[in-house]
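To start, the structure under review is shown below, and the notes come after it.
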Amino acid sequence: MKIAILGGTGDIGEGLALRLAQKHQVLIGSREEAKAKEAADNYNKRLKERGLRDEIVGMSNQDAAKNGDVVILAVKFQFAIPTLQSVAEFLGGKIVVSPIVPMSKQKLCVYTPPAEGSAAKHICSVMPPDVRMVVAFQTLPAPRLADLDDPLGFDVIVCGDDEEAKKVVMGLVSDMDNLRPLDGGGLEEAKLIEPLTPLLINLAIKNKMRPLSIKFV
């Protein structure tokens with residue numbers, strides 16, 4: 001498949017691009033096309049040095065959304081709505097994946113959900129009605145995901161009301177080595193998953209540990 005990662009030039013977008021590129025063509029999107037192309041060249045260079053598949057292409061968010069079979073919204077919460085509004089005409093009928101967590105950083109991280117109760121529900125309020133919304137990847141630590149020497153070994157909770165779309169995203173999780181997808185239920189459950197991210201960050205900070213994720217045993 002063609003996987004579009006909007007905001008794929010930083011944070012979790014980097015790691016998702018590097019790991020998904022081993023099974024799929026990845027389209028890196030950015031508000032600045034030149035920035036996306038530069039990031040794609042950098043990612044491909046790192047993959048090529050390891051003898052790995054390097055088919056990542058950089059383009060504008062609009063072109064990525066238009067050409068992607070699945071669209072991952074890898075932007076910060078405050079940029080989610082403007083980004084979606086800029087690409088809404090290309091999203092009809094597509095699977096859109098949100099790894100977004102609304103939070104603020106004070107001394108520690110604080111979950112700051114919108115009035116709808118979760119970022120996922122908030123995002124749904126501005127998308128075309130036929131978009132197939134799925135939430136996933138919130139608990140993956142971006143630095144470890146982008147470190148191809150890290151074996152990971154984590155679980156990824158996937159939530160969505162469209163069962164077929166959820167299965168597609170669970171398949172993408174399985175396509176990345178040493179990640180196990182778990183069905184977390186419908187979009188309503190996003191309000192239970194999103195707060196795990198600040199919890200994991202705070203645990204790592206307070207206990208002086210490397211970035212944490214989750215594994216259910």
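As shown in the structure tokens, the chain order sets the letters A, B, ...; within each chain, residues go from 1, and ligands are also counted from 1 in the order they appear.
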
Review point. Which neighbours of region 196-204 of chain A fall inside 7 Å, counting only C-alpha atoms, when residues of the same chain fewer than 3 positions from it are skipped, and could you give them as a ChimeraX atom specification?
Key: /A:108-111,138-139,193,207-213

Review point. Counting only C-alpha atoms, what is within 10 Å of Val57 (chain A), bar same-chain residues fewer than 3 positions away, as a VMD selection string?
Key: chain A and resid 4 17 25 to 29 36 to 41 43 to 44 54 64

Go ahead and dump the residues you just picked, N, CA, C and O atoms, as an mmCIF file, in the first residue's frame.
```cif
data_model
loop_
_atom_site.group_PDB
_atom_site.id
_atom_site.type_symbol
_atom_site.label_atom_id
_atom_site.label_comp_id
_atom_site.auth_asym_id
_atom_site.auth_seq_id
_atom_site.Cartn_x
_atom_site.Cartn_y
_atom_site.Cartn_z
ATOM 1 N N ALA A 4 0.549 7.423 3.463
ATOM 2 C CA ALA A 4 0.852 8.850 3.576
ATOM 3 C C ALA A 4 1.000 9.217 5.043
ATOM 4 O O ALA A 4 0.138 8.879 5.857
ATOM 5 N N ALA A 17 7.808 6.093 9.303
ATOM 6 C CA ALA A 17 8.266 6.053 7.909
ATOM 7 C C ALA A 17 9.368 5.015 7.725
ATOM 8 O O ALA A 17 9.322 4.193 6.798
ATOM 9 N N GLN A 25 5.150 1.506 0.259
ATOM 10 C CA GLN A 25 5.688 2.780 -0.192
ATOM 11 C C GLN A 25 5.192 3.864 0.753
ATOM 12 O O GLN A 25 4.001 3.935 1.040
ATOM 13 N N VAL A 26 6.099 4.678 1.237
ATOM 14 C CA VAL A 26 5.755 5.713 2.219
ATOM 15 C C VAL A 26 5.850 7.090 1.568
ATOM 16 O O VAL A 26 6.853 7.418 0.921
ATOM 17 N N LEU A 27 4.805 7.873 1.745
ATOM 18 C CA LEU A 27 4.750 9.238 1.230
ATOM 19 C C LEU A 27 4.836 10.192 2.406
ATOM 20 O O LEU A 27 3.923 10.259 3.230
ATOM 21 N N ILE A 28 5.944 10.915 2.498
ATOM 22 C CA ILE A 28 6.145 11.880 3.581
ATOM 23 C C ILE A 28 5.515 13.206 3.182
ATOM 24 O O ILE A 28 5.856 13.779 2.144
ATOM 25 N N GLY A 29 4.594 13.697 4.000
ATOM 26 C CA GLY A 29 3.969 14.976 3.725
ATOM 27 C C GLY A 29 4.424 16.049 4.690
ATOM 28 O O GLY A 29 4.790 15.768 5.829
ATOM 29 N N ALA A 36 9.808 18.126 3.205
ATOM 30 C CA ALA A 36 9.434 16.717 3.093
ATOM 31 C C ALA A 36 10.425 15.950 2.219
ATOM 32 O O ALA A 36 10.812 14.817 2.538
ATOM 33 N N LYS A 37 10.830 16.563 1.125
ATOM 34 C CA LYS A 37 11.784 15.899 0.230
ATOM 35 C C LYS A 37 13.139 15.718 0.906
ATOM 36 O O LYS A 37 13.796 14.682 0.742
ATOM 37 N N GLU A 38 13.553 16.717 1.659
ATOM 38 C CA GLU A 38 14.823 16.614 2.394
ATOM 39 C C GLU A 38 14.763 15.491 3.422
ATOM 40 O O GLU A 38 15.703 14.697 3.559
ATOM 41 N N ALA A 39 13.648 15.406 4.153
ATOM 42 C CA ALA A 39 13.488 14.337 5.139
ATOM 43 C C ALA A 39 13.472 12.977 4.473
ATOM 44 O O ALA A 39 14.101 12.027 4.955
ATOM 45 N N ALA A 40 12.766 12.861 3.354
ATOM 46 C CA ALA A 40 12.699 11.585 2.639
ATOM 47 C C ALA A 40 14.081 11.144 2.173
ATOM 48 O O ALA A 40 14.438 9.961 2.280
ATOM 49 N N ASP A 41 14.857 12.073 1.663
ATOM 50 C CA ASP A 41 16.226 11.743 1.220
ATOM 51 C C ASP A 41 17.059 11.240 2.402
ATOM 52 O O ASP A 41 17.825 10.279 2.270
ATOM 53 N N TYR A 43 15.916 9.844 5.223
ATOM 54 C CA TYR A 43 15.423 8.530 5.648
ATOM 55 C C TYR A 43 15.919 7.450 4.695
ATOM 56 O O TYR A 43 16.370 6.372 5.119
ATOM 57 N N ASN A 44 15.832 7.714 3.395
ATOM 58 C CA ASN A 44 16.271 6.720 2.411
ATOM 59 C C ASN A 44 17.766 6.421 2.532
ATOM 60 O O ASN A 44 18.202 5.274 2.393
ATOM 61 N N ASP A 54 14.316 1.179 0.496
ATOM 62 C CA ASP A 54 14.257 2.633 0.659
ATOM 63 C C ASP A 54 13.380 3.248 -0.435
ATOM 64 O O ASP A 54 13.868 3.702 -1.453
ATOM 65 N N ALA A 64 0.393 14.063 -0.597
ATOM 66 C CA ALA A 64 0.483 12.817 0.158
ATOM 67 C C ALA A 64 -0.909 12.276 0.469
ATOM 68 O O ALA A 64 -1.200 11.089 0.282
#
```

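Coordinates place CA of Glu163 (chain A) at a distance of 19.9 Å from CA of Leu179 (chain A).
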
**Study point:** Atom-to-atom span, CA of Lys2 (chain A) and CA of Ile214 (chain A), Å
**Key:**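 Interatomic distance, CA of Lys2 (chain A) to CA of Ile214 (chain A): 27.7 Å.
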
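For the choices A:Ala21, A:Val70, A:Ile100, A:Ile56, the atom-to-atom distance to Leu140 (chain A) is smallest for A:Ile100 when using only C-alpha atoms.
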
Check your understanding: Which parts of region 5-41 of chain A does DSSP call strand (DSSP E or B) when run on the backbone here, written out as a VMD selection string?
Key -> chain A and resid 5 to 6 25 to 30

Residues as selected, C-alpha atoms, written as a PDB file, in the first residue's frame, can you do that?
```pdb
ATOM      1  CA  ILE A   5       2.327  10.334   6.741  1.00  0.00           C
ATOM      2  CA  LEU A   6       1.252  13.943   7.164  1.00  0.00           C
ATOM      3  CA  GLN A  25       5.688   2.780  -0.192  1.00  0.00           C
ATOM      4  CA  VAL A  26       5.755   5.713   2.219  1.00  0.00           C
ATOM      5  CA  LEU A  27       4.750   9.238   1.230  1.00  0.00           C
ATOM      6  CA  ILE A  28       6.145  11.880   3.581  1.00  0.00           C
ATOM      7  CA  GLY A  29       3.969  14.976   3.725  1.00  0.00           C
ATOM      8  CA  SER A  30       4.746  18.428   5.068  1.00  0.00           C
TER       9      SER A  30
END
```

**Study point:** Exercise: Ser86 (chain A) partners within 10 Å, only C-alpha atoms, chain neighbours under 2 positions left out, as an MDAnalysis selection string
**Key:** chainID A and resid 31 61:62 65 81:84 88:90

Point to revise | Best match for closeness to Pro102 (chain A) among A:Lys66, A:Lys191, A:Arg46, A:Lys35, counting only C-alpha atoms | key: A:Lys191

Report as a Markdown table the residues of region 175-196 of chain A within 8 Å of region 115-123 of chain A, each with its shortest atom pair and distance in Å (one decimal), using only C-alpha atoms, ordered by chain and increasing residue number.
```
| residue | atom | partner | partner_atom | distance |
| --- | --- | --- | --- | --- |
| A:Leu187 | CA | A:Ala120 | CA | 7.0 |
| A:Glu188 | CA | A:Lys121 | CA | 7.7 |
| A:Ala190 | CA | A:Ser118 | CA | 6.3 |
| A:Lys191 | CA | A:Ser118 | CA | 5.0 |
| A:Glu194 | CA | A:Ser118 | CA | 7.4 |
```

Mind dumping the selected residues with C-alpha atoms as a compact mmCIF listing (two decimals), in the first residue's frame?
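Result saved to part02.txt:
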```txt
# COMPACT_ATOMS: atom_id res chain seq x y z
CA LEU A 187 -13.32 5.11 18.90
CA GLU A 188 -14.97 5.79 22.23
CA ALA A 190 -9.57 6.43 22.54
CA LYS A 191 -10.18 8.39 25.74
CA GLU A 194 -4.51 8.61 24.81
```

Exercise for review: Just the residues within 12 Å of Phe216 (chain A), please, counting only C-alpha atoms, with nothing from its chain fewer than 6 positions along; format it as a ChimeraX atom specification.
Suggested key: /A:153-157,179-182

Take the residues from that selection and write them out as a compact mmCIF listing (two decimals), in the first residue's frame, keeping N, CA and C atoms.
```
# COMPACT_ATOMS: atom_id res chain seq x y z
N GLY A 153 9.54 -4.59 20.64
CA GLY A 153 8.90 -5.63 21.44
C GLY A 153 7.70 -5.11 22.22
N PHE A 154 6.94 -4.19 21.62
CA PHE A 154 5.84 -3.54 22.30
C PHE A 154 4.49 -3.99 21.74
N ASP A 155 3.43 -3.65 22.48
CA ASP A 155 2.06 -3.82 22.00
C ASP A 155 1.53 -2.47 21.54
N VAL A 156 0.68 -2.50 20.52
CA VAL A 156 0.05 -1.28 20.00
C VAL A 156 -1.46 -1.49 20.02
N ILE A 157 -2.15 -0.65 20.77
CA ILE A 157 -3.61 -0.74 20.87
C ILE A 157 -4.23 0.03 19.71
N LEU A 179 6.31 -5.63 16.83
CA LEU A 179 5.17 -4.90 17.37
C LEU A 179 3.94 -5.78 17.24
N ARG A 180 3.14 -5.85 18.30
CA ARG A 180 1.94 -6.69 18.28
C ARG A 180 0.69 -5.81 18.37
N PRO A 181 -0.21 -5.90 17.39
CA PRO A 181 -1.44 -5.12 17.47
C PRO A 181 -2.46 -5.78 18.37
N LEU A 182 -3.17 -4.96 19.14
CA LEU A 182 -4.25 -5.45 19.99
C LEU A 182 -5.50 -4.63 19.70
```

Check your understanding: Which one of A:Leu192, A:Leu148, A:Val101, A:Val71 sits closest to Val134 (chain A) if you count only C-alpha atoms?
Key ->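 Smallest distance to Val134 (chain A) is found for A:Val71.
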
Practice item. Considering only C-alpha atoms, return as number ranges by chain whatever protein or nucleic-acid residues lie within 8 Å of Asp11 (chain A), sequence-local ones (same chain, fewer than 4 positions apart) excluded. Key: A: 15, 74, 142-143

Go ahead and write the residues just picked, N, CA and C atoms, as a PDB file, in the first residue's frame.
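Once written, selection-v8.pdb looks like this:
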```pdb
ATOM      1  N   GLY A  15       9.937   7.611  12.728  1.00  0.00           N
ATOM      2  CA  GLY A  15      10.037   6.184  12.997  1.00  0.00           C
ATOM      3  C   GLY A  15       9.034   5.364  12.213  1.00  0.00           C
ATOM      4  N   ALA A  74       0.399  12.510  11.624  1.00  0.00           N
ATOM      5  CA  ALA A  74       1.501  12.553  12.595  1.00  0.00           C
ATOM      6  C   ALA A  74       1.895  13.990  12.914  1.00  0.00           C
ATOM      7  N   ALA A 142       8.677   7.899  20.294  1.00  0.00           N
ATOM      8  CA  ALA A 142       9.239   8.312  19.009  1.00  0.00           C
ATOM      9  C   ALA A 142      10.747   8.068  18.884  1.00  0.00           C
ATOM     10  N   PRO A 143      11.565   8.389  19.902  1.00  0.00           N
ATOM     11  CA  PRO A 143      13.010   8.174  19.736  1.00  0.00           C
ATOM     12  C   PRO A 143      13.375   6.704  19.527  1.00  0.00           C
TER      13      PRO A 143
END
```

Check your understanding: Which is closest to Gly68 (chain A) among A:Pro128, A:Gly93, A:Gly171, A:Pro195, if we use only C-alpha atoms?
Key ->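 Counting only C-alpha atoms, the residue closest to Gly68 (chain A) is A:Gly93.
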
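Between CA of Leu18 (chain A) and CA of Glu49 (chain A) there is a distance of 12.5 Å.
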
Exercise for review: Rank nothing, just name the residue among A:Arg53, A:Lys167, A:Lys76, A:Lys45 nearest to Gly10 (chain A), using only C-alpha atoms.
Suggested key: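 Once distances to Gly10 (chain A) are computed over only C-alpha atoms, the minimum belongs to A:Lys76.
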